[in-house]
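These notes are about the structure you will find just below.
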Amino acid sequence: MGRELAICEFPNTWQLTSLGELLDRTGGSVQTGPFGSQLHASDYVDTGIPSVMPKNISVEKIDSSEIARVSQEDIKRLAKYQLSEGDIVYSRRGDVEKCALVGVRENGWLCGTGCLRVRLGEACEISPVFLHAYLSSPAIREWISRNAIGATMPNLNTSILRDVPLLIPDQKTIKMIESCWGNINKRLVLFENQNQTLEQIVQALFKSWFVDFDPVIDNVLAAGNDIPGVLQHKVEQRQKAQQLPDFKPLPEGIRALFPNEFEQTDELNIGVAGWIPKGWRVSSTGDELGISGGATPSTKNPEFWEGGDIHWTSPKDLSGNGSKILLDTSRKITEAGLAKITSGLLPVDTVLMSSRAPVGYLALAKVPLAINQGYIALQCEKVLTPEYTMQFLDSIMDEIKGISGGTTFAEISKKTFRSIKLIVPSKPVIEAFTSIVKVNYDKITENVKQMNSLIETRDYLLPKLITGEVSLEANIHG
């Protein structure tokens, strides 16, 4: 397979080389992270030095929300794999075309198992920001994907990275690219952080109302009703919270929607040892939700794919997704392709959960779409709403993963999923929750639209800056 890159004419003051040649003459390097024999899964600790793994790599930043950690002893033993500000990190398998730039925060972290590190030499004429922008441009990402080894699971190695064609512009152009790249990515990170905060607010409200039963406990205490012994610890926690200076009680109109008693059920794994708010009921996901799966039309038949404009999603679309909103898909199918999927075109606000490789990605579809066989799609046709269902699934994700089977990789079948027990609150309570959190989901959706627009601008403009087709003033403010 050839490793050439089609590049149009460029000024004769610019230099075409390879990443390896640049690194060799400036003292840089490409290095793999520690192998499994050097660092086992059992070596990771709850508190310690973060270790960047493939799942933490995104173009805009290194995601530390679910990051592994190693002890101080291990970081000393693996010191040669430590990251420095300005390093660029790749995944060695899977999503190999994406890379992340190591910032001040990540200085001293570990380049984890399954990753590759690119480090520029001190005398290099280009900056890490420019190199990250260049390596993240659509043409280079496509080049890396095309040259990665393996059809089913792409693999990246130091040799492939060293062969990446590298076009080095003049310093003025480099500065323009750095400015454009940095400003757009800062705005993207800002939107992503806003979305995470909005999502955390929704999660906290769901936990308060439907896991800790705070409004019900408030009503029980106000009415002077008996408290089951198994709930006493929650009562004590709530009483402590009520004494805090920043405690804000629920508005009376909302609190009145909740009961002031608990009742016991035969399902000891539901609620608190079988106790649930009086008047709420126990059901199952199969009885409360419309559940369907998907398929992949044959990729060998162009009739199913070429010129398609129907959104079709696989769990890969959710990998690294900074929010639980899905507005676009990487692939589209035709009407003929859609006809091969029995679940057909799913409507807006379908809840999606990846059912394998891995189990547990969640998304709320904001466009009509079809799904592949790696999803369970949920339609909320009864009392439960999409927003409630999203938070319910998120709250029991450990349980879902625990009941997933499979020898090669974890997978949860639709039959197993249908058997999951759940509490169904009263309709007014669910409607009140939904009306509150829908404001957050609408804001998240709008932010995702803005992010998609920025990414589209970035991916259109960046290649033209790199090849000299477009020139901007040196100080771009986004």
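Ordered as shown in the structure tokens, chains take letters A, B, and onward, while each chain numbers its residues from 1 and ligands are numbered from 1 in the order shown.
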Practice task
as a list in words, please: all residues of region 238-348 of chain A that backbone DSSP puts in helix (DSSP H, G or I).
Solution key: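 Helix (DSSP H, G or I) assignments inside region 238-348 of chain A correspond to Arg238, Gln239, Lys240, Ala241, Gln242, Glu252, Gly253, Ile254, Arg255, Thr285, Gly286, Asp287, Glu288, Pro302, Glu303, Phe304, Pro315, Lys316, Asp317, Leu318, Glu335, Ala336, Gly337 and Leu338 of chain A.
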Store the residues picked out above, limited to C-alpha atoms, as a short mmCIF file (atom, residue, chain, number, x, y, z; two decimals), in the first residue's frame.
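Output file selection-v9.cif follows:
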```
data_model
loop_
_atom_site.label_atom_id
_atom_site.label_comp_id
_atom_site.auth_asym_id
_atom_site.auth_seq_id
_atom_site.Cartn_x
_atom_site.Cartn_y
_atom_site.Cartn_z
CA ARG A 238 -31.92 14.38 54.59
CA GLN A 239 -32.22 16.01 58.01
CA LYS A 240 -28.53 16.94 57.88
CA ALA A 241 -29.00 18.41 54.40
CA GLN A 242 -31.93 20.50 55.64
CA GLU A 252 -44.81 23.43 47.56
CA GLY A 253 -46.52 22.77 44.24
CA ILE A 254 -43.90 20.19 43.25
CA ARG A 255 -43.58 18.61 46.69
CA THR A 285 -38.38 -2.25 31.00
CA GLY A 286 -40.10 -4.71 28.66
CA ASP A 287 -43.54 -3.63 29.87
CA GLU A 288 -42.86 0.11 29.92
CA PRO A 302 -23.49 0.18 -3.12
CA GLU A 303 -27.25 0.46 -3.61
CA PHE A 304 -27.60 0.57 0.18
CA PRO A 315 -21.95 2.78 18.65
CA LYS A 316 -18.77 4.27 17.16
CA ASP A 317 -20.76 7.51 16.73
CA LEU A 318 -21.00 7.71 20.53
CA GLU A 335 -34.06 3.94 1.17
CA ALA A 336 -32.98 0.53 -0.13
CA GLY A 337 -30.61 0.17 2.79
CA LEU A 338 -33.29 1.23 5.27
#
```
Practice task
Taking the chain letters and numbering used in this document, name the residues of region 231-284 of chain A that DSSP puts in strand (DSSP E or B), as a list in words.
Solution key: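 The strand (DSSP E or B) subset of region 231-284 of chain A is Phe262, Glu263, Gln264, Val272, Trp275, Ile276, Pro277, Arg281, Val282, Ser283 and Ser284 of chain A.
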Handout entry: Shell around Asn56 (chain A) at 8 Å using only C-alpha atoms, local window under 4 positions removed, as an MDAnalysis selection string
Key = chainID A and resid 52 62:64 66:67 320
Exercise for the section: Find the residues near Ile75 (chain A): any atom within 9 Å, counting only C-alpha atoms, skip ones fewer than 6 places away on the same chain, and give them as JSON, numbers by chain. Expected result: {"A": [49, 81, 82, 109, 110]}
Practice task
Could you give me, as a PyMOL selection string, the residues within 10 Å of region 407-416 of chain A, counting only C-alpha atoms and dropping anything in the same chain fewer than 4 positions from it?
Solution key: chain A and resi 285-286+291-293+354-360+374-377+400-403+420
Handout entry: Nearby residues (only C-alpha atoms) at most 8 Å from Met390 (chain A), same-chain spacing under 2 positions excluded, as a list in words
Key = Val351, Leu362, Ala363, Leu364, Pro386, Glu387, Tyr388, Phe392, Leu393 and Asp394 of chain A
Fewer than 3 positions away in the same chain doesn't count, so skip those; otherwise give me all residues within 9 Å of Val424 (chain A), counting only C-alpha atoms, as a tab-separated table (two decimals) with N, CA, C and O atoms, in the first residue's frame.
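As written to disk, result_0.tsv reads:
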```
chain	number	residue	atom	x	y	z
A	280	TRP	N	-46.59	4.44	43.87
A	280	TRP	CA	-45.73	4.14	42.73
A	280	TRP	C	-45.76	2.63	42.52
A	280	TRP	O	-46.17	1.87	43.42
A	281	ARG	N	-45.35	2.15	41.37
A	281	ARG	CA	-45.48	0.72	41.11
A	281	ARG	C	-44.19	0.13	40.55
A	281	ARG	O	-43.35	0.85	39.99
A	282	VAL	N	-44.08	-1.18	40.66
A	282	VAL	CA	-42.94	-1.91	40.13
A	282	VAL	C	-43.33	-2.51	38.78
A	282	VAL	O	-44.41	-3.09	38.64
A	283	SER	N	-42.45	-2.35	37.81
A	283	SER	CA	-42.71	-2.89	36.48
A	283	SER	C	-41.38	-3.37	35.90
A	283	SER	O	-40.42	-3.61	36.63
A	284	SER	N	-41.33	-3.51	34.59
A	284	SER	CA	-40.09	-3.93	33.92
A	284	SER	C	-39.90	-3.07	32.67
A	284	SER	O	-40.85	-2.47	32.15
A	288	GLU	N	-42.71	-1.35	29.95
A	288	GLU	CA	-42.86	0.11	29.92
A	288	GLU	C	-42.30	0.77	28.67
A	288	GLU	O	-42.65	1.91	28.36
A	383	VAL	N	-45.85	5.90	30.13
A	383	VAL	CA	-45.69	6.96	31.13
A	383	VAL	C	-44.28	7.54	31.13
A	383	VAL	O	-44.08	8.75	31.25
A	384	LEU	N	-43.28	6.68	31.00
A	384	LEU	CA	-41.89	7.14	31.06
A	384	LEU	C	-41.56	8.01	29.86
A	384	LEU	O	-41.97	7.73	28.74
A	427	LYS	N	-47.53	9.67	37.14
A	427	LYS	CA	-47.38	10.46	35.91
A	427	LYS	C	-47.11	11.93	36.19
A	427	LYS	O	-46.24	12.53	35.55
A	430	ILE	N	-43.38	12.35	37.03
A	430	ILE	CA	-42.53	12.21	35.84
A	430	ILE	C	-42.64	13.43	34.94
A	430	ILE	O	-41.64	13.92	34.40
```
Problem - A:Leu422, A:Lys366, A:Ala204, A:Gly290 ranked by distance to Ser343 (chain A), top pick (using only C-alpha atoms) - result: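 Result for the nearest residue to Ser343 (chain A): A:Gly290.
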Problem - Between CA of Gln31 (chain A) and CA of Leu120 (chain A) - distance in Å to one decimal - result: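 We find that CA of Leu120 (chain A) and CA of Gln31 (chain A) lie 11.6 Å from each other.
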Exercise for the section: Rank A:Pro368, A:Gly150, A:Gly27, A:Pro34 by their smallest atom-to-atom distance to Thr113 (chain A), using only C-alpha atoms, and report the top residue only. Expected result: A:Pro34
Sort by chain and increasing residue number a table of all residues of region 51-130 of chain A within 9 Å of region 39-47 of chain A, each with its closest pair of atoms and their distance in Å to one decimal, counting only C-alpha atoms, and write it as a Markdown table.
```
| residue | atom | partner | partner_atom | distance |
| --- | --- | --- | --- | --- |
| A:Ser51 | CA | A:Tyr44 | CA | 8.9 |
| A:Ala68 | CA | A:Tyr44 | CA | 6.4 |
| A:Arg69 | CA | A:Tyr44 | CA | 5.4 |
| A:Val70 | CA | A:Tyr44 | CA | 4.9 |
| A:Ser71 | CA | A:Val45 | CA | 6.5 |
| A:Asp74 | CA | A:Asp43 | CA | 8.1 |
| A:Leu78 | CA | A:Leu39 | CA | 8.9 |
| A:Gly112 | CA | A:Leu39 | CA | 8.7 |
| A:Thr113 | CA | A:Leu39 | CA | 7.4 |
```
Completion exercise
Judged by only C-alpha atoms, the minimum distance to Lys421 (chain A) among A:Thr17, A:Gln203, A:Asn269, A:Asn219 is found for A:Asn269
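The nearest approach to Ala273 (chain A) among the residues A:Lys443, A:Leu231, A:Arg117, A:Leu352, with only C-alpha atoms taken into account, belongs to A:Leu231.
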Handout entry: Minimum-distance residue to Asn452 (chain A), chosen among A:Leu244, A:Val272, A:Leu327, A:Leu345 (using only C-alpha atoms)
Key =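 Checking each of A:Leu244, A:Val272, A:Leu327, A:Leu345 against Asn452 (chain A), counting only C-alpha atoms, the winner is A:Leu327.
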Practice task
Have a look at A:Val230, A:Ile160, A:Val439, A:Val429 and name the one nearest to Leu268 (chain A); count only C-alpha atoms.
Solution key: A:Val230
Exercise for the section: Figure out the distance between CA of Leu23 (chain A) and CA of Asn183 (chain A), please, to one decimal in Å. Expected result: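 CA of Leu23 (chain A) lies at a distance of 26.7 Å from CA of Asn183 (chain A).
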Handout entry: Gap from CA of Phe35 (chain A) to CA of Leu101 (chain A) - Å, one decimal
Key = 21.6 Å
